[in-house]
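A.B. asks: Take this structure, written in structure tokens, and hold onto it; I'll ask about it next.
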Amino acid sequence: MSSIQTNLIAKDLILGFAQTAPSQEIQAFLLKGREQVQQHIESLSQPLMVENIPVTMKWDYGVEKSSIPPFSEKLMMFHLAAMITENVRGYGLAMSTSPRLDLALNYTNFTNEILEYAKEVSRISIEQGWLEEPPHIPFPKNSFGIKISSR
């Protein structure tokens, strides 16, 4: 239930960001994330509805139709990255405490999807100059101190 609530809030915040982002690229990227979040909500709600367990209330009625950006795209992307981090944390917690294996598998798949989306957040942020690209290790060493080739 907590994962559904977190996703509902994220979905609406992403919608607010998308409709006020000046850049078409950022808008499209945010709407792609909103669709992904909506799919997670539906997948998490389905088992509850099948067993006649009430699903939490939706929040989208509170999103205004404004197109005036209250935040910069840089700040929007920062908040998006923070939401992703929180969602991954929440899915990890849910996965480790759920007695249902079918839900644990869903959480694993959702985490993989979110992390792929997070890579795109980083890529866009680096391209826009909002984030520095982290240094890469050219040839990592194994536990024996031997260089591993890049082949």
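Naming scheme: A, B, ... for chains in displayed order of the structure tokens; residues 1 onward per chain; ligands 1 onward as shown.
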At a cut-off of 8 Å, using only C-alpha atoms, what residues contact segment 2-13 of chain A? Leave out same-chain residues fewer than 3 positions from it and give the result as a list in words.

C.D. replies: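 Everything that qualifies: Gly16, Phe17, Arg34, Val37, Gln38, His40, Ile41, Leu44, Ser45, Thr56, Lys58, Trp59, Asp60, Val63, Met83, Asn87, Gly90, Tyr91 and Ala94 of chain A.
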
A.B. asks: If you keep N, CA and C atoms, can you produce a file of those selected residues as a PDB file, in the first residue's frame?

C.D. replies:
```
ATOM      1  N   GLY A  16       2.909  17.620 -12.883  1.00  0.00           N
ATOM      2  CA  GLY A  16       3.105  19.054 -12.667  1.00  0.00           C
ATOM      3  C   GLY A  16       4.399  19.551 -13.282  1.00  0.00           C
ATOM      4  N   PHE A  17       5.461  18.768 -13.128  1.00  0.00           N
ATOM      5  CA  PHE A  17       6.742  19.145 -13.728  1.00  0.00           C
ATOM      6  C   PHE A  17       6.650  19.128 -15.252  1.00  0.00           C
ATOM      7  N   ARG A  34       5.992   9.209 -16.114  1.00  0.00           N
ATOM      8  CA  ARG A  34       4.647   9.163 -15.543  1.00  0.00           C
ATOM      9  C   ARG A  34       3.905   7.906 -16.009  1.00  0.00           C
ATOM     10  N   VAL A  37       5.250   5.003 -14.016  1.00  0.00           N
ATOM     11  CA  VAL A  37       4.708   5.022 -12.657  1.00  0.00           C
ATOM     12  C   VAL A  37       3.253   4.526 -12.662  1.00  0.00           C
ATOM     13  N   GLN A  38       2.472   4.949 -13.661  1.00  0.00           N
ATOM     14  CA  GLN A  38       1.080   4.506 -13.766  1.00  0.00           C
ATOM     15  C   GLN A  38       1.002   2.987 -13.916  1.00  0.00           C
ATOM     16  N   HIS A  40       3.150   0.849 -12.759  1.00  0.00           N
ATOM     17  CA  HIS A  40       3.482   0.279 -11.455  1.00  0.00           C
ATOM     18  C   HIS A  40       2.274   0.336 -10.528  1.00  0.00           C
ATOM     19  N   ILE A  41       1.561   1.451 -10.542  1.00  0.00           N
ATOM     20  CA  ILE A  41       0.371   1.602  -9.706  1.00  0.00           C
ATOM     21  C   ILE A  41      -0.657   0.536 -10.055  1.00  0.00           C
ATOM     22  N   LEU A  44       0.512  -2.937  -8.914  1.00  0.00           N
ATOM     23  CA  LEU A  44       0.446  -3.094  -7.462  1.00  0.00           C
ATOM     24  C   LEU A  44      -0.997  -3.126  -6.957  1.00  0.00           C
ATOM     25  N   SER A  45      -1.890  -2.437  -7.638  1.00  0.00           N
ATOM     26  CA  SER A  45      -3.293  -2.381  -7.220  1.00  0.00           C
ATOM     27  C   SER A  45      -4.064  -3.639  -7.590  1.00  0.00           C
ATOM     28  N   THR A  56      -5.780   2.586  -2.188  1.00  0.00           N
ATOM     29  CA  THR A  56      -5.719   3.969  -1.717  1.00  0.00           C
ATOM     30  C   THR A  56      -6.308   4.961  -2.731  1.00  0.00           C
ATOM     31  N   LYS A  58      -6.768   8.120  -5.191  1.00  0.00           N
ATOM     32  CA  LYS A  58      -5.928   8.796  -6.176  1.00  0.00           C
ATOM     33  C   LYS A  58      -5.882  10.293  -5.849  1.00  0.00           C
ATOM     34  N   TRP A  59      -4.827  10.955  -6.312  1.00  0.00           N
ATOM     35  CA  TRP A  59      -4.604  12.361  -5.969  1.00  0.00           C
ATOM     36  C   TRP A  59      -4.669  13.298  -7.164  1.00  0.00           C
ATOM     37  N   ASP A  60      -4.833  12.780  -8.393  1.00  0.00           N
ATOM     38  CA  ASP A  60      -4.663  13.644  -9.562  1.00  0.00           C
ATOM     39  C   ASP A  60      -5.638  14.801  -9.681  1.00  0.00           C
ATOM     40  N   VAL A  63      -3.915  18.448  -9.266  1.00  0.00           N
ATOM     41  CA  VAL A  63      -2.892  19.026 -10.150  1.00  0.00           C
ATOM     42  C   VAL A  63      -3.525  20.148 -10.962  1.00  0.00           C
ATOM     43  N   MET A  83      13.084  11.365  -6.071  1.00  0.00           N
ATOM     44  CA  MET A  83      11.912  10.475  -6.043  1.00  0.00           C
ATOM     45  C   MET A  83      12.296   9.066  -6.461  1.00  0.00           C
ATOM     46  N   ASN A  87      11.837   5.732  -4.313  1.00  0.00           N
ATOM     47  CA  ASN A  87      11.051   4.621  -4.839  1.00  0.00           C
ATOM     48  C   ASN A  87      11.846   3.318  -4.820  1.00  0.00           C
ATOM     49  N   GLY A  90      11.974   2.181  -1.276  1.00  0.00           N
ATOM     50  CA  GLY A  90      10.676   1.620  -0.887  1.00  0.00           C
ATOM     51  C   GLY A  90      10.426   0.247  -1.473  1.00  0.00           C
ATOM     52  N   TYR A  91      10.800   0.071  -2.740  1.00  0.00           N
ATOM     53  CA  TYR A  91      10.632  -1.240  -3.364  1.00  0.00           C
ATOM     54  C   TYR A  91      11.537  -2.282  -2.703  1.00  0.00           C
ATOM     55  N   ALA A  94       9.911  -3.174   0.563  1.00  0.00           N
ATOM     56  CA  ALA A  94       8.719  -3.988   0.315  1.00  0.00           C
ATOM     57  C   ALA A  94       9.106  -5.397  -0.121  1.00  0.00           C
TER      58      ALA A  94
END
```

A.B. asks: Nearest to Gln27 of chain A among A:Glu127, A:Glu116, A:Glu73, A:Asp102, with distances taken over only C-alpha atoms: which residue is it?

C.D. replies: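 That would be A:Glu73, the residue with the smallest distance to Gln27 of chain A.
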
A.B. asks: What separation in Å, quoted to one decimal, exists between atom CA of Thr20 of chain A and atom CA of Ser66 of chain A?

C.D. replies: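 Rounded to one decimal, the two atoms are 6.9 Å apart.
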
A.B. asks: Determine which residues of segment 46-150 of chain A receive a DSSP assignment of alpha helix (DSSP H), computed from the backbone, and state them as a ChimeraX atom specification.

C.D. replies: /A:46-50,73-97,101-127

A.B. asks: Go through A:Ile14, A:Leu115, A:Leu93, A:Leu103 one by one, measure the shortest atom-to-atom distance of each to Gly33 of chain A using only C-alpha atoms, and give the residue with the smallest value.

C.D. replies: A:Ile14

A.B. asks: Do you know which residues are at most 12 Å from Glu120 of chain A counting only C-alpha atoms, after dropping those on the same chain fewer than 6 positions away, and could you put them as a compact mmCIF listing (two decimals) with N, CA, C and O atoms, in the first residue's frame?

C.D. replies:
```txt
# COMPACT_ATOMS: atom_id res chain seq x y z
N GLU A 25 11.95 18.15 -24.84
CA GLU A 25 12.66 16.91 -24.51
C GLU A 25 12.40 16.52 -23.06
O GLU A 25 12.10 15.35 -22.77
N ILE A 26 12.48 17.47 -22.14
CA ILE A 26 12.25 17.19 -20.72
C ILE A 26 10.79 16.82 -20.50
O ILE A 26 10.48 15.89 -19.75
N PHE A 29 10.26 13.29 -21.67
CA PHE A 29 10.94 12.38 -20.76
C PHE A 29 10.14 12.21 -19.47
O PHE A 29 9.97 11.09 -18.97
N LEU A 30 9.63 13.31 -18.94
CA LEU A 30 8.83 13.24 -17.72
C LEU A 30 7.53 12.46 -17.95
O LEU A 30 7.14 11.64 -17.11
N LYS A 32 7.05 10.12 -20.08
CA LYS A 32 7.43 8.71 -20.17
C LYS A 32 7.54 8.11 -18.77
O LYS A 32 7.07 7.00 -18.51
N GLY A 33 8.14 8.85 -17.86
CA GLY A 33 8.25 8.39 -16.47
C GLY A 33 6.90 8.28 -15.80
O GLY A 33 6.64 7.35 -15.02
N MET A 77 14.57 18.03 -12.35
CA MET A 77 15.29 16.78 -12.56
C MET A 77 15.95 16.32 -11.25
O MET A 77 16.03 15.12 -10.99
N LEU A 80 13.22 14.72 -9.37
CA LEU A 80 12.91 13.44 -9.99
C LEU A 80 13.92 12.38 -9.55
O LEU A 80 13.54 11.27 -9.19
N ALA A 81 15.19 12.74 -9.52
CA ALA A 81 16.22 11.80 -9.07
C ALA A 81 16.00 11.42 -7.61
O ALA A 81 16.16 10.25 -7.24
N ILE A 84 13.16 8.96 -7.46
CA ILE A 84 13.60 7.65 -7.92
C ILE A 84 14.32 6.93 -6.79
O ILE A 84 14.08 5.75 -6.53
N GLU A 113 13.35 -1.35 -13.91
CA GLU A 113 12.80 -0.32 -14.80
C GLU A 113 13.16 1.07 -14.31
O GLU A 113 13.55 1.94 -15.11
N ILE A 114 13.03 1.29 -13.02
CA ILE A 114 13.31 2.61 -12.46
C ILE A 114 14.78 2.96 -12.60
O ILE A 114 15.14 4.10 -12.92
N ILE A 126 23.62 15.41 -17.32
CA ILE A 126 25.01 15.62 -17.74
C ILE A 126 25.05 16.41 -19.04
O ILE A 126 25.82 17.37 -19.18
N GLU A 127 24.19 16.03 -20.01
CA GLU A 127 24.15 16.75 -21.29
C GLU A 127 23.79 18.21 -21.12
O GLU A 127 24.29 19.08 -21.84
```

A.B. asks: Out of A:Met1, A:Asn52, A:Ser43, A:Pro70, which residue has the shortest atom-to-atom distance to Pro22 of chain A when counting only C-alpha atoms?

C.D. replies: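 Counting only C-alpha atoms, the residue closest to Pro22 of chain A is A:Pro70.
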
A.B. asks: Point out the residue among A:Ala118, A:Arg123, A:Asn109, A:Gly129 with the least atom-to-atom distance to Gln39 of chain A, counting only C-alpha atoms.

C.D. replies: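 Using only C-alpha atoms, the shortest distance to Gln39 of chain A belongs to A:Asn109.
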
A.B. asks: What is the distance between atom CA of Lys119 of chain A and atom CA of Ala104 of chain A, in Å to one decimal?

C.D. replies: 22.9 Å

A.B. asks: Which is closest to Leu131 of chain A among A:Val55, A:Gln24, A:Lys74, A:Leu15, if we use only C-alpha atoms?

C.D. replies: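 Answer, going by the shortest atom-to-atom distance: A:Lys74.
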